[in-house]
Structure formats: C-alpha cells, structure tokens
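A.B. asks: Take a look at this one; I'll ask things after.
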Amino acid sequence: MMPEQSLRLRPVDVAVVGGGPAGLSACLELAGSSSLTVSLFEAADELGGIPRSCRLFFGMRDLKRIHTGKGYADLLNCRLRATSVAVHTDTTVLGIEPDAGEGFHRLRIVSPKGCRTVESRAILLATGCFERPRENRCLPGTRPAGIQTTGSLQEMVRLQGVLPGKRALVVGSEYIALSCVLTLLKAGVAIGALIVNDAGTGLPKLLARGLGTLYRFPVLKNQRITSVLGRRRVEGLELADRVSGESRRVDGDLLVVTGEFRPYTILIDPTTIRQDPVTLSPIIDEQMMTSVPNIFAAGNLVGQARMHDLCALEGRRVAKHIRQALKG
Ligand SMILES: Cc1cc2nc3c(=O)[nH]c(=O)nc-3n(C[C@H](O)[C@H](O)[C@H](O)COP(=O)(O)OP(=O)(O)OC[C@H]3O[C@@H](n4cnc5c(N)ncnc54)[C@H](O)[C@@H]3O)c2cc1C
C-alpha cells in the first residue's frame with residue numbers, strides 16, 4: 001500500500017473544477033495577474049468543455065475573434081499550457097469537503113494514477129450544465145436504443161466520428177434543437193421531423209421553418225408524444241395534436257431530445273452549499289462566492305446554457321474575486 005502522504009497532491013491556493021470556457025478563463029486570469037498556485041481538474045482527456053464538440057461562432061465577446069468550437073478550445077488550452085497552472089486532465093473530482101476550520105478545503109480526485117486528495121484555500125466550481133437525459137423525461141412507449149441528447153450526439157459525431165442513425169427525429173423548443181438539426185444534416189443524417197414540444201418560446205421559428213423548407217422536413221408544433229415506437233431500436237414516434245387531438249406517426253431510427261438544461265451539481269448536492277430550490281444551481285453572492293466561504297462558482301453551473309463567451313467572461317470576473325478573497 002502507498003504511504004498516506006503520496007496519496008495527496010501538493011496543497012494549492014486555488015483548485016478549479018472544470019476545464020470549459022469558465023474554468024479555463026478563470027485559470028488564465030489567475031495565472032496572469034497573481035502568484036497564487038492554481039490546479040485545474042478536468043474529467044475529459046482534453047480541455048475545452050462543450051465547445052470542443054461544437055461548430056461555429058466561438059470567441060466573439062471574450063477573444064474578439066471568431067473561431068470554430070474546437071479552434072476556440074485549442075487556443076485556450078494552448079494559452080493555459082504556457083502558464084504555471086497545474087493541469088490535470090482525465091481527472092474527475094469525486095467530492096469536495098468544505099473547510100472545517102483548518103483554512104483549506106479538500107477535494108477527492110480520481111485519475112489513471114488512482115484516487116488522491118488535494119487541499120486548497122479556495123475552490124472554483126465550473127462544472128457546467130447538461131441536457132435532461134431521456135431517463136428523466138416522460139417519454140411514453142418502449143425504451144429502445146437510439147435515443148440521445150444533443151450533447152451526446154455532438155460528441156459522437158464530432159469527436160468520435162460515429163454516425164448515430166440514418167433518419168432523425170429532433171424534439172425541442174430551444175435554440176439548441178436547431179444546432180442539433182445542423183449537426184445531423186452536416187453528418188449526412190436526414191431529418192424525419194423537428195417536433196416543437198411546447199410553445200416553442202426559445203426556438204427561432206422563422207429559421208426553423210426555413211431549414212424545414214430547404215431540407216424538406218416538417219416542423220411540427222403543438223404535438224404531444226404519445227408513444228416511442230420500436231423494440232430494439234427506435235422506429236418512430238406516435239404524436240397527438242394538442243389542439244385537434246388528431247394522431248400521426250413520424251418515422252426515424254434516431255430520436256434526439258434537446259434542451260431542458262440542468263446544472264451539473266453532483267459535487268455540491270451532498271454538501272452544505274446552498275442551492276436555488278428551483279434551478280438547483282448554487283446560490284452565489286456579488287463576489288460569486290457560494291454560501292461556503294472561499295468556494296466560488298461560475299459559468300453554466302450558475303446560469304444554465306448561456307453562451308460560451310459569457311461564461312468565459314464570468315470566469316475572468318470570478319478570478320478577480322478569488323484573488324481579492326485570498327489576499328486577506
Ligand atoms: C449540448 C450543449 C450544446 C451547447 N452548444 C453551445 C453552442 O453551440 N454555443 C454556445 O455558445 N453555447 C453552447 N452551449 C452552452 C455551453 O454550456 C457554454 O457555451 C459553455 O461551454 C459553458 O462553459 P462552462 O465552462 O460553464 O461549462 P462546460 O463547457 O460544460 O465545461 C464544464 C467542464 O467541467 C468538466 N467537469 C464536470 N464535472 C467535473 C468533475 N466532477 N471533475 C472534473 N471535471 C468536471 C466537464 O468535463 C467539462 O469539460 C451548449 C451546451 C450544451 C449542454
């Protein structure tokens with residue numbers, strides 16, 4: 001067995017959890033403007049977060065230049081590697097133990113090197129958000145293979161180069177449903193239908209209709225899914241019109257359920273950090289500090305599914321608050 005000491009990493013001033021736009025930008029700001037020791041922990045094997053699997057229009061408000069998602073992630077990664085920040089990819093933070101009066105918090109981490117702990121004076125939580133998966137949605141009917149969220153679809157198509165199906169049915173009422181349609185079309189997957197599952201407030205309707213006309217798929221509004229069809233694999237959906245009650249069937253071998261974002265709160269759920277009862281995000285003050293001193297939060301963990309550049313700017317802002325807090 002390894003001696004206890006070797007299971008601990010060197011203590012740091014700031015531990016940042018999550019290497020997306022918010023976490024990366026906070027690290028860059030801390031590295032450029034302070035002598036604080038900073039460690040960044042990222043579960044994936046590469047830095048960048050969600051943008052890694054996205055396409056266009058990244059970096060407008062924070063970098064003042066437009067990049068592809070991957071280009072944006074690579075640029076931040078490259079800049080960070082040139083700083084003194086200790087980067088730990090492939091490293092998942094399993095839990096945090098807030099300071100019990102000793103002056104530091106503890107993080108439990110796991111990586112291919114094993115399970116270890118790290119002590120830090122401050123923690124920045126920048127773990128982002130995710131779409132509600134199929135298991136948490138009321139989808140009546142069978143539970144076959146071939147049901148995905150946009151996040152898993154984008155990762156499959158863009159990062160792994162896997163074609164998830166031939167004809168997709170996309171369900172959603174937010175902007176991301178269109179992003180999903182574009183990803184599928186670019187990958188060569190036909191769209192069977194875009195089903196707007198409620199009033200469709202966040203979906204740019206004109207654009208949706210335009211795409212529907214151009215690529216010849218119906219945009220169906222006011223529909224209720226009455227059944228997912230298919231035994232082993234999705235074969236289609238049975239829908240009922242909310243107004244007329246009329247039912248119809250649409251065919252496809254892939255169902256993508258989009259939107260309905262949730263903050264990624266698994267690290268804070270078991271702690272005393274106060275959460276908003278509706279959104280479940282940690283409650284933060286003007287300094288972006290949670291209810292536990294010196295534990296901060298930024299990015300889409302605190303404001304679900306905002307654009308990446310706003311999260312990056314927030315990362316820079318929280319870094320200034322962290323620096324200020326640790327001065328004392
Ligand atoms: C499916 C999807 C598609 C999106 N598409 C766009 C888009 O096209 N354009 C746009 O502007 N915005 C898009 N967004 C919004 C997007 O979340 C933001 O653009 C931006 O990526 C948020 O930055 P972030 O740093 O807060 O979180 P993220 O980019 O989500 O980064 C969080 C990081 O934390 C890591 N992490 C989480 N938990 C742990 C842990 N316990 N230990 C270690 N690491 C951990 C994750 O692996 C991830 O890399 C999308 C969001 C989703 C969910």
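Residues are named by chain letter and number: chains run A, B, ... in the order of the structure tokens, numbers start at 1 in each chain, and ligands are numbered from 1 in the order shown.
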List as a ChimeraX atom specification the protein and nucleic acid residues lying within 6 Å of ligand 1, with only C-alpha atoms and all ligand atoms counted.

C.D. replies: /A:17-23,41-44,48-51,54,91-94,126-131,150-151,299-301,305-308,311

A.B. asks: Would you save the residues of that selection, restricted to N, CA, C and O atoms, as a compact mmCIF listing (two decimals), in the first residue's frame?

C.D. replies:
```txt
# COMPACT_ATOMS: atom_id res chain seq x y z
N VAL A 17 -12.39 23.34 -10.74
CA VAL A 17 -13.01 22.09 -11.20
C VAL A 17 -13.76 22.37 -12.48
O VAL A 17 -14.76 23.09 -12.48
N GLY A 18 -13.29 21.83 -13.60
CA GLY A 18 -13.96 22.01 -14.88
C GLY A 18 -13.13 22.85 -15.83
O GLY A 18 -12.86 24.02 -15.55
N GLY A 19 -12.73 22.25 -16.94
CA GLY A 19 -11.89 22.96 -17.92
C GLY A 19 -12.67 23.39 -19.14
O GLY A 19 -12.22 23.23 -20.27
N GLY A 20 -13.87 23.95 -18.94
CA GLY A 20 -14.63 24.58 -20.03
C GLY A 20 -14.26 26.05 -20.11
O GLY A 20 -13.31 26.50 -19.44
N PRO A 21 -15.00 26.84 -20.89
CA PRO A 21 -14.68 28.27 -21.03
C PRO A 21 -14.57 29.00 -19.69
O PRO A 21 -13.65 29.82 -19.51
N ALA A 22 -15.45 28.71 -18.74
CA ALA A 22 -15.42 29.42 -17.45
C ALA A 22 -14.17 29.07 -16.66
O ALA A 22 -13.43 29.96 -16.21
N GLY A 23 -13.90 27.77 -16.49
CA GLY A 23 -12.75 27.34 -15.71
C GLY A 23 -11.44 27.76 -16.36
O GLY A 23 -10.52 28.26 -15.68
N PHE A 41 -8.66 20.79 -12.64
CA PHE A 41 -9.04 19.38 -12.77
C PHE A 41 -10.14 19.24 -13.82
O PHE A 41 -11.19 19.89 -13.72
N GLU A 42 -9.90 18.42 -14.80
CA GLU A 42 -10.86 18.22 -15.89
C GLU A 42 -11.07 16.72 -16.11
O GLU A 42 -10.10 15.98 -16.28
N ALA A 43 -12.33 16.31 -16.11
CA ALA A 43 -12.65 14.88 -16.23
C ALA A 43 -12.30 14.33 -17.62
O ALA A 43 -11.87 13.18 -17.74
N ALA A 44 -12.47 15.16 -18.65
CA ALA A 44 -12.20 14.67 -20.02
C ALA A 44 -10.69 14.62 -20.27
O ALA A 44 -9.90 15.18 -19.51
N GLY A 48 -11.42 22.21 -22.67
CA GLY A 48 -12.27 22.93 -23.63
C GLY A 48 -13.76 22.87 -23.31
O GLY A 48 -14.51 23.73 -23.72
N GLY A 49 -14.19 21.80 -22.63
CA GLY A 49 -15.62 21.69 -22.29
C GLY A 49 -16.49 21.51 -23.52
O GLY A 49 -16.05 20.99 -24.55
N ILE A 50 -17.70 22.02 -23.46
CA ILE A 50 -18.69 21.85 -24.53
C ILE A 50 -18.19 22.35 -25.90
O ILE A 50 -18.41 21.69 -26.91
N PRO A 51 -17.51 23.51 -25.97
CA PRO A 51 -17.10 24.00 -27.31
C PRO A 51 -16.32 22.97 -28.14
O PRO A 51 -16.33 23.03 -29.36
N CYS A 54 -18.54 21.58 -30.60
CA CYS A 54 -19.45 22.49 -31.32
C CYS A 54 -18.77 23.03 -32.57
O CYS A 54 -17.57 22.88 -32.75
N THR A 91 -9.00 13.64 -15.04
CA THR A 91 -9.06 13.63 -13.58
C THR A 91 -10.43 14.14 -13.13
O THR A 91 -10.76 15.31 -13.37
N THR A 92 -11.17 13.26 -12.52
CA THR A 92 -12.52 13.63 -12.07
C THR A 92 -12.50 13.96 -10.59
O THR A 92 -11.91 13.22 -9.80
N VAL A 93 -13.12 15.07 -10.25
CA VAL A 93 -13.28 15.38 -8.83
C VAL A 93 -14.50 14.61 -8.35
O VAL A 93 -15.61 14.78 -8.87
N LEU A 94 -14.28 13.74 -7.38
CA LEU A 94 -15.37 12.88 -6.91
C LEU A 94 -16.18 13.54 -5.80
O LEU A 94 -17.36 13.25 -5.62
N ALA A 126 -16.73 25.02 -11.76
CA ALA A 126 -17.12 25.45 -13.12
C ALA A 126 -17.47 24.20 -13.92
O ALA A 126 -16.90 23.94 -14.98
N THR A 127 -18.41 23.45 -13.39
CA THR A 127 -18.70 22.12 -13.97
C THR A 127 -19.78 22.15 -15.06
O THR A 127 -20.12 21.11 -15.62
N GLY A 128 -20.35 23.33 -15.35
CA GLY A 128 -21.25 23.46 -16.49
C GLY A 128 -22.64 22.87 -16.27
O GLY A 128 -23.09 22.66 -15.13
N CYS A 129 -23.33 22.63 -17.39
CA CYS A 129 -24.69 22.11 -17.32
C CYS A 129 -24.85 20.99 -18.35
O CYS A 129 -23.98 20.76 -19.18
N PHE A 130 -25.95 20.30 -18.29
CA PHE A 130 -26.20 19.21 -19.25
C PHE A 130 -27.69 19.20 -19.59
O PHE A 130 -28.50 19.81 -18.89
N GLU A 131 -28.03 18.51 -20.68
CA GLU A 131 -29.45 18.40 -21.04
C GLU A 131 -30.07 17.25 -20.26
O GLU A 131 -29.42 16.23 -20.02
N THR A 150 -28.53 16.24 -27.40
CA THR A 150 -27.63 16.92 -28.34
C THR A 150 -26.18 16.75 -27.92
O THR A 150 -25.30 16.57 -28.75
N GLY A 151 -25.96 16.85 -26.60
CA GLY A 151 -24.59 16.75 -26.09
C GLY A 151 -23.94 15.44 -26.50
O GLY A 151 -22.83 15.42 -27.04
N GLY A 299 -19.89 30.20 -14.63
CA GLY A 299 -20.25 29.51 -15.87
C GLY A 299 -21.66 28.94 -15.80
O GLY A 299 -22.49 29.41 -15.03
N ASN A 300 -21.89 27.93 -16.60
CA ASN A 300 -23.25 27.42 -16.71
C ASN A 300 -23.70 26.59 -15.51
O ASN A 300 -24.85 26.19 -15.45
N LEU A 301 -22.82 26.38 -14.57
CA LEU A 301 -23.27 25.78 -13.31
C LEU A 301 -24.21 26.74 -12.59
O LEU A 301 -25.14 26.32 -11.92
N ALA A 305 -26.96 27.11 -19.62
CA ALA A 305 -26.96 27.22 -21.09
C ALA A 305 -26.89 28.64 -21.61
O ALA A 305 -27.58 29.02 -22.54
N ARG A 306 -26.02 29.43 -20.98
CA ARG A 306 -25.71 30.72 -21.60
C ARG A 306 -24.60 30.48 -22.60
O ARG A 306 -23.93 29.46 -22.58
N MET A 307 -24.38 31.49 -23.47
CA MET A 307 -23.35 31.33 -24.49
C MET A 307 -21.98 31.17 -23.82
O MET A 307 -21.73 31.73 -22.75
N HIS A 308 -21.10 30.49 -24.53
CA HIS A 308 -19.76 30.19 -24.01
C HIS A 308 -18.96 31.45 -23.64
O HIS A 308 -18.25 31.47 -22.65
N CYS A 311 -19.80 32.89 -20.37
CA CYS A 311 -19.24 32.04 -19.30
C CYS A 311 -17.75 32.34 -19.14
O CYS A 311 -17.23 32.40 -18.02
```

A.B. asks: Based on the backbone DSSP call, show me all residues of stretch 50-223 of chain A assigned alpha helix (DSSP H), as JSON, numbers by chain.

C.D. replies: {"A": [69, 70, 71, 72, 73, 74, 75, 76, 77, 78, 79, 80, 81, 150, 151, 152, 153, 154, 175, 176, 177, 178, 179, 180, 181, 182, 183, 184, 185, 186, 187, 205, 206, 207, 208, 209, 210, 211, 212, 213, 214, 215]}

A.B. asks: I'd like the neighbourhood of stretch 173-190 of chain A as a ChimeraX atom specification, where a residue qualifies if any of its atoms comes within 10 Å (using only C-alpha atoms), though same-chain residues fewer than 5 positions away should be ignored.

C.D. replies: /A:54-55,149-151,153-154,157-158,161-168,195-205,207-208,211-212,215-217,221,252,254,256-260,305

A.B. asks: Among the residues of stretch 116-246 of chain A, find those DSSP assigns to strand (DSSP E) from the backbone and print them as a VMD selection string.

C.D. replies: chain A and resid 116 to 125 129 to 131 147 to 149 167 to 171 190 to 195 219 to 220 223 to 229 236 to 241

A.B. asks: Between atom CA of A:Leu326 and atom CA of A:Leu30, what is the spacing in Å?

C.D. replies: 11.6 Å

A.B. asks: Applying 7 Å and only C-alpha atoms, which residues near A:Arg242 remain after dropping the ones on its own chain fewer than 3 positions away? List them as a PyMOL selection string.

C.D. replies: chain A and resi 222-224+245

A.B. asks: Go ahead and save the picked residues with C-alpha atoms, as a CSV table (one decimal), in the first residue's frame.

C.D. replies:
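Saved to result_12.csv:
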```
chain,number,residue,atom,x,y,z
A,222,ASN,CA,-48.4,21.7,-30.6
A,223,GLN,CA,-47.6,18.0,-30.5
A,224,ARG,CA,-47.6,15.6,-27.6
A,245,GLY,CA,-56.4,15.6,-30.9
```

A.B. asks: What lies within 7 Å of stretch 58-73 of chain A using only C-alpha atoms, ignoring chain neighbours under 4 positions off, as a ChimeraX atom specification?

C.D. replies: /A:47-48,51-54,77,309,312-313
